[in-house]
Each structure stands twice: as C-alpha cells, then as structure tokens.
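Chemist: For reference, this is upload_10.cif, and it has mmCIF, C-alpha atoms; chains and numbers go by the auth columns.
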data_run
loop_
_atom_site.group_PDB
_atom_site.id
_atom_site.type_symbol
_atom_site.label_atom_id
_atom_site.label_comp_id
_atom_site.label_asym_id
_atom_site.label_seq_id
_atom_site.Cartn_x
_atom_site.Cartn_y
_atom_site.Cartn_z
_atom_site.B_iso_or_equiv
_atom_site.auth_seq_id
_atom_site.auth_asym_id
ATOM 1 C CA SER A 1 41.206 14.285 11.017 0.00 1 A
ATOM 2 C CA ALA A 2 38.878 14.449 8.039 0.00 2 A
ATOM 3 C CA VAL A 3 35.232 15.429 8.269 0.00 3 A
ATOM 4 C CA ILE A 4 33.029 13.332 6.017 0.00 4 A
ATOM 5 C CA SER A 5 29.398 13.964 5.195 0.00 5 A
ATOM 6 C CA GLN A 6 26.992 11.759 3.315 0.00 6 A
ATOM 7 C CA LYS A 7 23.681 12.482 1.630 0.00 7 A
ATOM 8 C CA PRO A 8 21.057 11.285 2.091 0.00 8 A
ATOM 9 C CA SER A 9 21.325 10.035 5.648 0.00 9 A
ATOM 10 C CA ARG A 10 18.512 7.598 4.973 0.00 10 A
ATOM 11 C CA ASP A 11 16.012 6.756 2.276 0.00 11 A
ATOM 12 C CA ILE A 12 13.210 4.369 1.534 0.00 12 A
ATOM 13 C CA CYS A 13 13.032 3.332 -2.101 0.00 13 A
ATOM 14 C CA GLN A 14 10.909 1.194 -4.334 0.00 14 A
ATOM 15 C CA ARG A 15 12.164 -1.978 -5.973 0.00 15 A
ATOM 16 C CA GLY A 16 13.623 -1.371 -9.434 0.00 16 A
ATOM 17 C CA THR A 17 14.640 2.229 -8.831 0.00 17 A
ATOM 18 C CA SER A 18 18.133 3.653 -8.326 0.00 18 A
ATOM 19 C CA LEU A 19 19.607 5.821 -5.586 0.00 19 A
ATOM 20 C CA THR A 20 22.739 7.936 -5.714 0.00 20 A
ATOM 21 C CA ILE A 21 24.606 8.483 -2.454 0.00 21 A
ATOM 22 C CA GLN A 22 26.985 11.394 -2.118 0.00 22 A
ATOM 23 C CA CYS A 23 30.140 11.550 -0.024 0.00 23 A
ATOM 24 C CA GLN A 24 31.882 14.859 0.650 0.00 24 A
ATOM 25 C CA VAL A 25 35.211 15.261 2.462 0.00 25 A
ATOM 26 C CA ASP A 26 36.518 18.527 3.891 0.00 26 A
ATOM 27 C CA SER A 27 40.037 17.945 2.541 0.00 27 A
ATOM 28 C CA GLN A 28 41.599 16.452 -0.560 0.00 28 A
ATOM 29 C CA VAL A 29 42.218 12.719 -0.448 0.00 29 A
ATOM 30 C CA THR A 30 43.787 10.288 -2.869 0.00 30 A
ATOM 31 C CA MET A 31 41.362 7.440 -2.359 0.00 31 A
ATOM 32 C CA MET A 32 37.801 7.075 -1.177 0.00 32 A
ATOM 33 C CA PHE A 33 36.215 3.785 -0.225 0.00 33 A
ATOM 34 C CA TRP A 34 32.642 2.580 -0.288 0.00 34 A
ATOM 35 C CA TYR A 35 31.420 -0.053 2.176 0.00 35 A
ATOM 36 C CA ARG A 36 28.145 -1.853 2.725 0.00 36 A
ATOM 37 C CA GLN A 37 26.816 -3.103 6.045 0.00 37 A
ATOM 38 C CA GLN A 38 23.882 -5.441 5.622 0.00 38 A
ATOM 39 C CA PRO A 39 21.641 -6.093 8.632 0.00 39 A
ATOM 40 C CA GLY A 40 23.468 -8.248 11.154 0.00 40 A
ATOM 41 C CA GLN A 41 26.558 -8.449 8.972 0.00 41 A
ATOM 42 C CA SER A 42 30.004 -6.913 8.991 0.00 42 A
ATOM 43 C CA LEU A 43 31.111 -4.033 6.812 0.00 43 A
ATOM 44 C CA THR A 44 32.118 -5.172 3.340 0.00 44 A
ATOM 45 C CA LEU A 45 34.252 -3.156 0.955 0.00 45 A
ATOM 46 C CA ILE A 46 32.424 -2.501 -2.324 0.00 46 A
ATOM 47 C CA ALA A 47 35.023 -0.516 -4.231 0.00 47 A
ATOM 48 C CA THR A 48 37.861 1.978 -4.127 0.00 48 A
ATOM 49 C CA ALA A 49 37.254 5.269 -5.935 0.00 49 A
ATOM 50 C CA ASN A 50 40.294 7.047 -7.349 0.00 50 A
ATOM 51 C CA GLN A 51 40.144 10.468 -8.921 0.00 51 A
ATOM 52 C CA GLY A 52 40.761 10.390 -12.656 0.00 52 A
ATOM 53 C CA SER A 53 40.379 6.651 -13.110 0.00 53 A
ATOM 54 C CA GLU A 54 37.718 3.996 -12.892 0.00 54 A
ATOM 55 C CA ALA A 55 36.812 2.581 -9.538 0.00 55 A
ATOM 56 C CA THR A 56 38.266 -0.752 -8.472 0.00 56 A
ATOM 57 C CA TYR A 57 35.570 -3.211 -7.422 0.00 57 A
ATOM 58 C CA GLU A 58 35.865 -6.057 -4.945 0.00 58 A
ATOM 59 C CA SER A 59 34.812 -9.575 -5.721 0.00 59 A
ATOM 60 C CA GLY A 60 31.040 -9.841 -5.878 0.00 60 A
ATOM 61 C CA PHE A 61 30.450 -6.206 -6.802 0.00 61 A
ATOM 62 C CA VAL A 62 30.121 -4.917 -10.358 0.00 62 A
ATOM 63 C CA ILE A 63 30.060 -1.512 -11.967 0.00 63 A
ATOM 64 C CA ASP A 64 26.650 -1.988 -13.567 0.00 64 A
ATOM 65 C CA LYS A 65 25.058 -2.478 -10.166 0.00 65 A
ATOM 66 C CA PHE A 66 27.173 0.039 -8.207 0.00 66 A
ATOM 67 C CA PRO A 67 28.461 2.743 -10.562 0.00 67 A
ATOM 68 C CA ILE A 68 30.819 5.159 -8.844 0.00 68 A
ATOM 69 C CA SER A 69 31.925 8.633 -9.777 0.00 69 A
ATOM 70 C CA ARG A 70 34.938 10.537 -8.460 0.00 70 A
ATOM 71 C CA PRO A 71 34.913 13.907 -10.198 0.00 71 A
ATOM 72 C CA ASN A 72 37.416 15.566 -7.851 0.00 72 A
ATOM 73 C CA LEU A 73 39.589 14.971 -4.805 0.00 73 A
ATOM 74 C CA THR A 74 36.899 15.748 -2.223 0.00 74 A
ATOM 75 C CA PHE A 75 33.763 14.110 -3.603 0.00 75 A
ATOM 76 C CA SER A 76 32.406 10.763 -4.730 0.00 76 A
ATOM 77 C CA THR A 77 29.052 9.197 -5.475 0.00 77 A
ATOM 78 C CA LEU A 78 27.854 5.626 -5.293 0.00 78 A
ATOM 79 C CA THR A 79 24.706 4.621 -7.163 0.00 79 A
ATOM 80 C CA VAL A 80 22.748 1.548 -6.178 0.00 80 A
ATOM 81 C CA SER A 81 20.999 0.541 -9.386 0.00 81 A
ATOM 82 C CA ASN A 82 17.856 -1.458 -10.043 0.00 82 A
ATOM 83 C CA MET A 83 17.375 -1.969 -6.334 0.00 83 A
ATOM 84 C CA SER A 84 15.889 -5.004 -4.663 0.00 84 A
ATOM 85 C CA PRO A 85 15.117 -5.607 -0.970 0.00 85 A
ATOM 86 C CA GLU A 86 18.482 -7.391 -0.668 0.00 86 A
ATOM 87 C CA ASP A 87 20.152 -4.021 -1.225 0.00 87 A
ATOM 88 C CA SER A 88 18.742 -2.731 2.055 0.00 88 A
ATOM 89 C CA SER A 89 21.884 -1.821 3.964 0.00 89 A
ATOM 90 C CA ILE A 90 23.901 0.970 5.441 0.00 90 A
ATOM 91 C CA TYR A 91 26.315 2.372 2.867 0.00 91 A
ATOM 92 C CA LEU A 92 29.422 4.117 4.198 0.00 92 A
ATOM 93 C CA CYS A 93 32.244 5.995 2.590 0.00 93 A
ATOM 94 C CA SER A 94 35.675 6.270 4.139 0.00 94 A
ATOM 95 C CA VAL A 95 38.984 7.965 3.427 0.00 95 A
ATOM 96 C CA PRO A 96 42.534 7.156 4.503 0.00 96 A
ATOM 97 C CA THR A 97 44.006 9.331 7.214 0.00 97 A
ATOM 98 C CA GLY A 98 46.970 10.307 5.075 0.00 98 A
ATOM 99 C CA GLY A 99 44.927 12.671 2.920 0.00 99 A
ATOM 100 C CA MET A 100 46.866 13.308 -0.277 0.00 100 A
ATOM 101 C CA GLY A 101 49.778 11.320 1.065 0.00 101 A
ATOM 102 C CA LEU A 102 49.126 7.645 1.567 0.00 102 A
ATOM 103 C CA SER A 103 49.166 6.741 5.211 0.00 103 A
ATOM 104 C CA SER A 104 51.528 3.906 5.937 0.00 104 A
ATOM 105 C CA HIS A 105 49.257 2.986 8.781 0.00 105 A
ATOM 106 C CA ASN A 106 46.207 2.358 6.643 0.00 106 A
ATOM 107 C CA GLU A 107 43.798 4.023 9.042 0.00 107 A
ATOM 108 C CA GLN A 108 40.514 5.209 7.669 0.00 108 A
ATOM 109 C CA PHE A 109 37.946 7.786 8.686 0.00 109 A
ATOM 110 C CA PHE A 110 34.350 6.815 8.120 0.00 110 A
ATOM 111 C CA GLY A 111 31.345 8.867 7.174 0.00 111 A
ATOM 112 C CA PRO A 112 28.029 8.701 9.050 0.00 112 A
ATOM 113 C CA GLY A 113 26.496 6.251 6.579 0.00 113 A
ATOM 114 C CA THR A 114 23.348 6.175 4.465 0.00 114 A
ATOM 115 C CA ARG A 115 20.635 3.825 5.656 0.00 115 A
ATOM 116 C CA LEU A 116 18.789 2.443 2.645 0.00 116 A
ATOM 117 C CA THR A 117 15.550 0.485 2.836 0.00 117 A
ATOM 118 C CA VAL A 118 14.188 -1.060 -0.346 0.00 118 A
ATOM 119 C CA LEU A 119 10.543 -2.093 -0.376 0.00 119 A
ATOM 120 C CA ALA B 1 41.051 -14.617 1.585 0.00 1 B
ATOM 121 C CA GLN B 2 41.271 -12.842 4.885 0.00 2 B
ATOM 122 C CA SER B 3 38.539 -13.118 7.481 0.00 3 B
ATOM 123 C CA VAL B 4 37.800 -11.880 10.987 0.00 4 B
ATOM 124 C CA SER B 5 35.789 -13.640 13.681 0.00 5 B
ATOM 125 C CA GLN B 6 34.346 -11.910 16.705 0.00 6 B
ATOM 126 C CA HIS B 7 33.230 -14.424 19.265 0.00 7 B
ATOM 127 C CA ASN B 8 30.457 -12.542 20.977 0.00 8 B
ATOM 128 C CA HIS B 9 27.427 -11.018 19.324 0.00 9 B
ATOM 129 C CA HIS B 10 26.097 -9.220 22.388 0.00 10 B
ATOM 130 C CA VAL B 11 27.781 -8.713 25.744 0.00 11 B
ATOM 131 C CA ILE B 12 25.963 -7.292 28.755 0.00 12 B
ATOM 132 C CA LEU B 13 27.991 -6.062 31.711 0.00 13 B
ATOM 133 C CA SER B 14 27.431 -4.068 34.848 0.00 14 B
ATOM 134 C CA GLU B 15 29.434 -0.907 35.392 0.00 15 B
ATOM 135 C CA ALA B 16 32.936 -1.517 36.791 0.00 16 B
ATOM 136 C CA ALA B 17 33.060 -5.043 35.376 0.00 17 B
ATOM 137 C CA SER B 18 36.039 -6.032 33.292 0.00 18 B
ATOM 138 C CA LEU B 19 35.682 -6.462 29.557 0.00 19 B
ATOM 139 C CA GLU B 20 37.349 -8.736 27.059 0.00 20 B
ATOM 140 C CA LEU B 21 36.074 -9.022 23.493 0.00 21 B
ATOM 141 C CA GLY B 22 37.555 -11.751 21.362 0.00 22 B
ATOM 142 C CA CYS B 23 38.837 -11.299 17.823 0.00 23 B
ATOM 143 C CA ASN B 24 40.563 -13.874 15.654 0.00 24 B
ATOM 144 C CA TYR B 25 41.703 -13.313 12.114 0.00 25 B
ATOM 145 C CA SER B 26 42.823 -15.356 9.189 0.00 26 B
ATOM 146 C CA TYR B 27 45.443 -13.872 6.910 0.00 27 B
ATOM 147 C CA GLY B 28 48.572 -15.255 5.309 0.00 28 B
ATOM 148 C CA GLY B 29 50.966 -12.388 5.773 0.00 29 B
ATOM 149 C CA THR B 30 51.876 -9.322 7.783 0.00 30 B
ATOM 150 C CA VAL B 31 48.765 -7.674 9.139 0.00 31 B
ATOM 151 C CA ASN B 32 47.582 -4.403 10.546 0.00 32 B
ATOM 152 C CA LEU B 33 44.872 -4.782 13.162 0.00 33 B
ATOM 153 C CA PHE B 34 42.209 -2.355 14.306 0.00 34 B
ATOM 154 C CA TRP B 35 39.364 -1.993 16.720 0.00 35 B
ATOM 155 C CA TYR B 36 36.658 0.441 15.692 0.00 36 B
ATOM 156 C CA VAL B 37 33.778 1.575 17.876 0.00 37 B
ATOM 157 C CA GLN B 38 30.386 2.948 16.957 0.00 38 B
ATOM 158 C CA TYR B 39 28.530 4.727 19.744 0.00 39 B
ATOM 159 C CA PRO B 40 24.755 5.034 19.342 0.00 40 B
ATOM 160 C CA GLY B 41 23.966 7.557 16.650 0.00 41 B
ATOM 161 C CA GLN B 42 27.612 8.303 15.892 0.00 42 B
ATOM 162 C CA HIS B 43 30.170 7.557 13.192 0.00 43 B
ATOM 163 C CA LEU B 44 32.424 4.559 13.225 0.00 44 B
ATOM 164 C CA GLN B 45 35.665 5.706 14.856 0.00 45 B
ATOM 165 C CA LEU B 46 39.053 4.197 15.525 0.00 46 B
ATOM 166 C CA LEU B 47 39.599 2.894 19.056 0.00 47 B
ATOM 167 C CA LEU B 48 43.120 1.524 18.657 0.00 48 B
ATOM 168 C CA LYS B 49 45.464 -0.051 16.146 0.00 49 B
ATOM 169 C CA TYR B 50 48.429 -2.365 15.895 0.00 50 B
ATOM 170 C CA PHE B 51 51.073 -2.227 13.154 0.00 51 B
ATOM 171 C CA SER B 52 54.293 -3.448 14.697 0.00 52 B
ATOM 172 C CA GLY B 53 56.356 -3.395 17.866 0.00 53 B
ATOM 173 C CA ASP B 54 54.865 -3.842 21.316 0.00 54 B
ATOM 174 C CA PRO B 55 51.975 -6.305 20.931 0.00 55 B
ATOM 175 C CA LEU B 56 50.072 -4.605 23.746 0.00 56 B
ATOM 176 C CA VAL B 57 48.537 -1.447 22.368 0.00 57 B
ATOM 177 C CA LYS B 58 46.613 1.208 24.212 0.00 58 B
ATOM 178 C CA GLY B 59 43.794 3.201 22.731 0.00 59 B
ATOM 179 C CA ILE B 60 41.379 5.895 23.735 0.00 60 B
ATOM 180 C CA LYS B 61 39.141 5.772 26.814 0.00 61 B
ATOM 181 C CA GLY B 62 41.222 3.191 28.674 0.00 62 B
ATOM 182 C CA PHE B 63 40.930 0.418 26.112 0.00 63 B
ATOM 183 C CA GLU B 64 43.821 -1.846 25.213 0.00 64 B
ATOM 184 C CA ALA B 65 44.343 -4.833 22.950 0.00 65 B
ATOM 185 C CA GLU B 66 46.937 -7.550 22.751 0.00 66 B
ATOM 186 C CA PHE B 67 48.193 -9.013 19.508 0.00 67 B
ATOM 187 C CA ILE B 68 49.094 -12.691 19.911 0.00 68 B
ATOM 188 C CA LYS B 69 50.564 -13.760 16.608 0.00 69 B
ATOM 189 C CA SER B 70 50.642 -17.470 17.439 0.00 70 B
ATOM 190 C CA LYS B 71 46.920 -17.414 18.145 0.00 71 B
ATOM 191 C CA PHE B 72 45.983 -15.005 15.342 0.00 72 B
ATOM 192 C CA SER B 73 44.161 -13.011 17.966 0.00 73 B
ATOM 193 C CA PHE B 74 43.685 -9.359 18.833 0.00 74 B
ATOM 194 C CA ASN B 75 41.422 -9.236 21.870 0.00 75 B
ATOM 195 C CA LEU B 76 40.114 -5.971 23.238 0.00 76 B
ATOM 196 C CA ARG B 77 40.164 -5.327 26.977 0.00 77 B
ATOM 197 C CA LYS B 78 39.143 -2.738 29.513 0.00 78 B
ATOM 198 C CA PRO B 79 39.573 -3.259 33.257 0.00 79 B
ATOM 199 C CA SER B 80 36.445 -1.371 34.301 0.00 80 B
ATOM 200 C CA VAL B 81 33.644 -0.462 31.911 0.00 81 B
ATOM 201 C CA GLN B 82 31.374 2.539 32.171 0.00 82 B
ATOM 202 C CA TRP B 83 27.834 3.093 30.963 0.00 83 B
ATOM 203 C CA SER B 84 29.278 5.376 28.268 0.00 84 B
ATOM 204 C CA ASP B 85 31.104 2.386 26.755 0.00 85 B
ATOM 205 C CA THR B 86 27.783 1.074 25.485 0.00 86 B
ATOM 206 C CA ALA B 87 28.434 0.747 21.760 0.00 87 B
ATOM 207 C CA GLU B 88 29.156 -1.693 18.972 0.00 88 B
ATOM 208 C CA TYR B 89 32.771 -2.782 18.596 0.00 89 B
ATOM 209 C CA PHE B 90 34.305 -3.990 15.342 0.00 90 B
ATOM 210 C CA CYS B 91 37.594 -5.772 14.865 0.00 91 B
ATOM 211 C CA ALA B 92 39.236 -5.295 11.459 0.00 92 B
ATOM 212 C CA VAL B 93 42.346 -6.436 9.659 0.00 93 B
ATOM 213 C CA THR B 94 44.240 -5.415 6.570 0.00 94 B
ATOM 214 C CA GLY B 95 47.403 -6.642 4.982 0.00 95 B
ATOM 215 C CA ALA B 96 50.436 -4.437 5.366 0.00 96 B
ATOM 216 C CA GLY B 97 50.394 -1.779 2.666 0.00 97 B
ATOM 217 C CA SER B 98 46.740 -2.387 1.828 0.00 98 B
ATOM 218 C CA TYR B 99 43.685 -0.266 2.544 0.00 99 B
ATOM 219 C CA GLN B 100 41.235 -3.114 2.098 0.00 100 B
ATOM 220 C CA LEU B 101 39.799 -3.510 5.570 0.00 101 B
ATOM 221 C CA THR B 102 38.106 -6.786 6.446 0.00 102 B
ATOM 222 C CA PHE B 103 35.725 -6.399 9.372 0.00 103 B
ATOM 223 C CA GLY B 104 34.282 -8.810 11.865 0.00 104 B
ATOM 224 C CA LYS B 105 30.528 -8.850 12.410 0.00 105 B
ATOM 225 C CA GLY B 106 30.773 -6.668 15.466 0.00 106 B
ATOM 226 C CA THR B 107 30.014 -7.110 19.162 0.00 107 B
ATOM 227 C CA LYS B 108 27.321 -5.078 20.791 0.00 108 B
ATOM 228 C CA LEU B 109 28.252 -4.076 24.336 0.00 109 B
ATOM 229 C CA SER B 110 25.550 -2.994 26.749 0.00 110 B
ATOM 230 C CA VAL B 111 26.710 -1.623 30.096 0.00 111 B
ATOM 231 C CA ILE B 112 24.095 -1.510 32.829 0.00 112 B
ATOM 232 C CA PRO B 113 24.442 1.327 35.357 0.00 113 B
#
Now that the file is in, can you turn its structure into structure tokens?

Modeler:
Amino acid sequence: SAVISQKPSRDICQRGTSLTIQCQVDSQVTMMFWYRQQPGQSLTLIATANQGSEATYESGFVIDKFPISRPNLTFSTLTVSNMSPEDSSIYLCSVPTGGMGLSSHNEQFFGPGTRLTVL
Amino acid sequence: AQSVSQHNHHVILSEAASLELGCNYSYGGTVNLFWYVQYPGQHLQLLLKYFSGDPLVKGIKGFEAEFIKSKFSFNLRKPSVQWSDTAEYFCAVTGAGSYQLTFGKGTKLSVIP
C-alpha cells in the first residue's frame, strides 16, 4: 500500500488569495488524482496529474483556477487560485494501487485531505 | 454521465443490529464498484470492491456487498455492527479500465453502544 501525505492539513484563507496544496507519495506512481469534497457533498474528481505532461481536467474545472504541477513520480501540487468562500472544501489526492504499473482493478489510495476554509 | 445514489444520509443503530446501506448507480457499461469507509479522523480507505465474478463480495471487518446488475445496485451489509463501525461510508463506481471514480454523497453511520 502507498503512504500519502498532504500539506497543509488545514488552512483558513482570505478571499482573493491562492493556496498551494502538496501531495507526497512514498513510492513512484504513474498517475495522481485530485478530488474535492464540498460540505455535505460527495467527492468530485478535479483532475488527473501525469508526470511529464499537462494535467487532464474534468468538466467544470479549469487550469486557470486549479493549476497542477507534477514535477516527478512521487509529488504533485494543486493550487486553488483567487479563492472565494465557495472553494471551502476538503481537497484530497489519491494514487492508483498499481504504482508504476496500472492496476487493472482501478483501486485508489487516498491521502488525509486538506481542509480549506475561505473567509 | 455516471452517477451514484446513496439512500441514507445518516443511519443510527444499536450495537449488534444488522446493517444495510443502499447504493444505486447509473452507468452505461461495465462497471467496477467500491465501498470506501472513513473512520473519524482517518483517511478514506477501501472496504471492498467488485470487478467481476461472484456478485457477493466480502470485505474487511465482516462487511459484504451484493452486486445486482438488474437493479444497478451494490448494497453494503453487515450482520452485526459494532461501535467501532461508526464512520462515513461512500459508494463509488468507475467504468472498466477507468480511474475516474464517481462517489455517492456518503452515509454517516452512528453505532450506539
């Protein structure tokens, strides 16, 4: 199993500012995923981060608002830009269980999440 | 687009009661189905999964789920709950070969000693 850490674990930010969330995995992985869980809602996939290429964003999410970096096979960042109170959520990263090999079973390990509050 | 519905927002049970949490999905193809659990203060972790074969799957801690294709359902069951099962439970689906998980809104389970 992969061990995933996220920084910060929580933050309170002012409207209009940006926050960068870090995700570190203890082993190399092909893909990393970023999810958002708004209060009372389900987890929603924001984007898939691949090393060496641009992230792939899901419908409703754009790079200008959620820029993602993937500088190597164990690390990724998600930035929440120009924040508003509607961005208050838990942001989670996850990785597939197959590591460098793609798991045919599509399981994912999740990080502990970053709880963001925007005032 | 795929979607997942979990019928109960909050379930409260006494210890030793039986549990069934409903999950229905909408997807036009072969699916992989998951139940994830999040204990208070802990990471989201996989409880059990279904990919193919026997539609009754067993997971950790005595949980099981049954895939009923005709009903597009994947309900989670446990014959006798314990206080330590207090957690939030999420049903999720993805198309075969895809990593794009679609989650339900979650069901909070409170078990009273």

Chemist: May I have the protein, DNA and RNA residues with an atom at most 10 Å from (30.5, 5.3, 26.5), counting all atoms listed in the file in the file's coordinates, returned as a ChimeraX atom specification?

Modeler: /B:37-40,61,81-87,109-111

Chemist: Rounded to one decimal, what separation in Å do you get between atom CA of Ser81 of chain A and atom CA of Gln108 of chain A?

Modeler: 26.3 Å

Chemist: Give as a list in words every residue of chain A that touches chain B within 8 Å, counting all atoms listed in the file.

Modeler: Gly40, Gln41, Ser42, Leu43, Thr44, Leu45, Pro96, Ser104, His105, Asn106, Glu107, Phe109, Phe110, Gly111, Pro112 and Gly113 of chain A

Chemist: What would the selection look like, as an MDAnalysis selection string, if the PyMOL selection byres ((chain A and resi 19-26) around 9) were run on the coordinates I just shared?

Modeler: chainID A and resid 2:9 11 13 17:18 27:29 32 73:83 91:95 111 114 116

Chemist: Go through the shown structure with the PyMOL selection byres ((chain A and resi 52) around 12) and write out the matching residues as an MDAnalysis selection string.

Modeler: chainID A and resid 30:31 49:51 53:55 68:73 76

Chemist: Looking at B:Val11, B:Val31, B:Leu76, B:Val93, which one is nearest to Ile112 of chain B, with distances taken over all atoms listed in the file?

Modeler: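 Of the candidates, the smallest distance to Ile112 of chain B is held by B:Val11.
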
Chemist: Go ahead and compute the interatomic distance for atom CA of Trp34 of chain A and atom CA of Tyr36 of chain B, in Å to one decimal.

Modeler: 16.6 Å

Chemist: Please measure the separation of atom CA of Gln2 of chain B and atom CA of Ser59 of chain A, giving the value in Å to one decimal.

Modeler: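 It comes out at 12.8 Å.
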
Chemist: Let me have the centre and edge lengths in Å, one decimal, of the box along x, y and z around every listed atom of segment 31-42 of chain B with 6 Å of margin on each side, as AutoDock Vina command-line options.

Modeler:
--center_x 36.4 --center_y 0.3 --center_z 14.4 --size_x 36.8 --size_y 28.0 --size_z 22.6

Chemist: Could you spell out the hits of the PyMOL selection byres ((chain B and resi 21) around 9) on the shown file, as a list in words?

Modeler: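 So the PyMOL selection byres ((chain B and resi 21) around 9), applied here, picks out Gln6, His7, Asn8, Val11, Leu19, Glu20, Gly22, Cys23, Phe74, Asn75, Leu76, Arg77, Tyr89 and Thr107 of chain B.
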
Chemist: Which residue out of B:Phe67, B:Glu88, B:Ala1, B:Ser80 has the minimum interatomic distance to Leu13 of chain B when all atoms listed in the file are used?

Modeler: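 So, comparing all the options, the nearest one is B:Ser80.
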